[in-house]
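Structure first, then comments.
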Amino acid sequence: MGGPMTGPVGRHRRTALAAAAIVVAVAVAVGGVLLARHRPASLDSRVDAVAGTLRCPTCTAESVADSNSTMAQSMRHEIRDQLRQGRSPDQIRSWFENRYGERVLLMPHPRGLALVLWVVPLAVLAGGVLLLVRGRHRRNRDGSAPAGVLSARRVGVAALACVLVGAAVPALAWARSGPATPAPTAAQTEPMKARDWVAVAQSLEQQQDYRSAADAYRHAMRQQPSSPGVRTGLAFDLLRSGRPRQAIGLMTPMAHRTGPNRALALLILGLAQRSAHLPAADHTLRQFLEVAPHHPAADQVRRLLAESR
């Protein structure tokens, strides 16, 4: 007579114990990943973790954590400020996404193939649990398997494979979504269009980072060199970032042309000339008042001219 762990019933018990042990091991591994992610970290490491999930808009396939560009430094500063305010990493990523578009995320929202890579492992995990449950209950009273039913060993092996795959893939993906920077896809490295660069520049202007905003406008201008809006935006940010002579070079041709953009070109040109201490500044500003006497900046320009008399 066999012992308690021999025969069909014993083999079933050994398979069930092995299954339970592996499930526990997978659960401990996943739990370790989750605990590591929620372990208290310094502010610097939290900034790096969030920055590692964002793409630097002015770089080529570099994360904000890895880039040394002026814009990446500005974004890291913004991340630090928002973390100090108590905002979560997901809220911060959403904040950047609203301003720069989804391309700023190094790991985009699950959709298409990315969504399949998350859904399939979960479905496999559910299938493995179902196999374990069905294999445990579909037994005869004497412990033997009914006709046409897979053996307990085969059911156990299949169930364990499903559980391991279904639990390991999401756990690894979850772990990689931290400080590590995922490899960029072709869509993420696609060159930004001029309108995207203008949106980046306008967002940087809201942060009063005019030097980085000017860099973003330069990228837009390479694609649309004749766009009056891009040229005036670049010139204005050059002026506000302490580079008036560069602004003068951009605005001088526009100030001599007739059209709806001439008033703004005269205004920026006059202010840039004034900042560069050029004697032509007052004459240019008076031209601006003649062209646009009711402009929102007209009263301020009149005060500037009155002070210079």
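Scheme for the structure tokens: letters A, B, ... for chains in order shown; per-chain residue numbers from 1; ligand numbers from 1 in order shown.
Excluding A:Leu83 itself and any same-chain residue fewer than 6 positions from it, the protein and nucleic acid residues within 9 Å of it, counting only C-alpha atoms, are A:Leu43, A:Arg46, A:Val47, A:Pro89, A:Ile92.
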Distance atom CA of A:Ile79-atom CA of A:Ala61, one decimal place? 19.5 Å
Find the residues around A:Ala235 up to 10 Å (only C-alpha atoms counted), leave out those fewer than 5 positions away in its own chain, and share them as a list in words.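 The residues satisfying every condition are Ala214, Tyr217, Arg218, Gly229, Val230, Arg240, Ser241, Arg243, Pro244, Arg245, Gln246, Ala247, Ile248, Gly249, Leu250, Met251, Ala265, Ile268, Leu269 and Ala272 of chain A.
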In Å and to one decimal, atom CA of A:Arg80 is distant from atom CA of A:Gln208 by 16.6 Å
Within 9 Å of A:Leu266 using only C-alpha atoms, minus same-chain residues under 2 positions, as JSON, numbers by chain: {"A": [251, 252, 254, 255, 256, 261, 262, 263, 264, 268, 269, 270, 271, 284, 285, 287, 288, 291]}
Take the residues that were just selected and, keeping C-alpha atoms, output them as a PDB file, in the first residue's frame.
ATOM      1  CA  MET A 251      12.713  92.485 -37.436  1.00  0.00           C
ATOM      2  CA  THR A 252      14.380  95.075 -39.676  1.00  0.00           C
ATOM      3  CA  MET A 254       9.641  93.019 -41.626  1.00  0.00           C
ATOM      4  CA  ALA A 255       9.425  96.599 -40.324  1.00  0.00           C
ATOM      5  CA  HIS A 256       9.953  97.937 -43.847  1.00  0.00           C
ATOM      6  CA  ASN A 261       2.526  92.294 -39.210  1.00  0.00           C
ATOM      7  CA  ARG A 262       4.325  95.613 -39.662  1.00  0.00           C
ATOM      8  CA  ALA A 263       3.055  97.189 -36.422  1.00  0.00           C
ATOM      9  CA  LEU A 264       4.346  94.337 -34.244  1.00  0.00           C
ATOM     10  CA  ILE A 268       9.789  94.777 -31.332  1.00  0.00           C
ATOM     11  CA  LEU A 269      12.409  96.517 -33.484  1.00  0.00           C
ATOM     12  CA  GLY A 270      12.058  99.785 -31.584  1.00  0.00           C
ATOM     13  CA  LEU A 271      12.273  98.083 -28.201  1.00  0.00           C
ATOM     14  CA  THR A 284      11.093 103.438 -34.922  1.00  0.00           C
ATOM     15  CA  LEU A 285       8.726 103.663 -31.957  1.00  0.00           C
ATOM     16  CA  GLN A 287       6.555 104.906 -36.628  1.00  0.00           C
ATOM     17  CA  PHE A 288       4.860 102.211 -34.592  1.00  0.00           C
ATOM     18  CA  VAL A 291       0.838 102.673 -37.833  1.00  0.00           C
TER      19      VAL A 291
END
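Straight-line separation from atom CA of A:Ala51 to atom CA of A:Arg76: 6.5 Å.
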Residues near A:Arg55, anyone? I mean within 6 Å using only C-alpha atoms, not counting same-chain ones fewer than 6 positions away, as a ChimeraX atom specification. /A:62-64,104-106
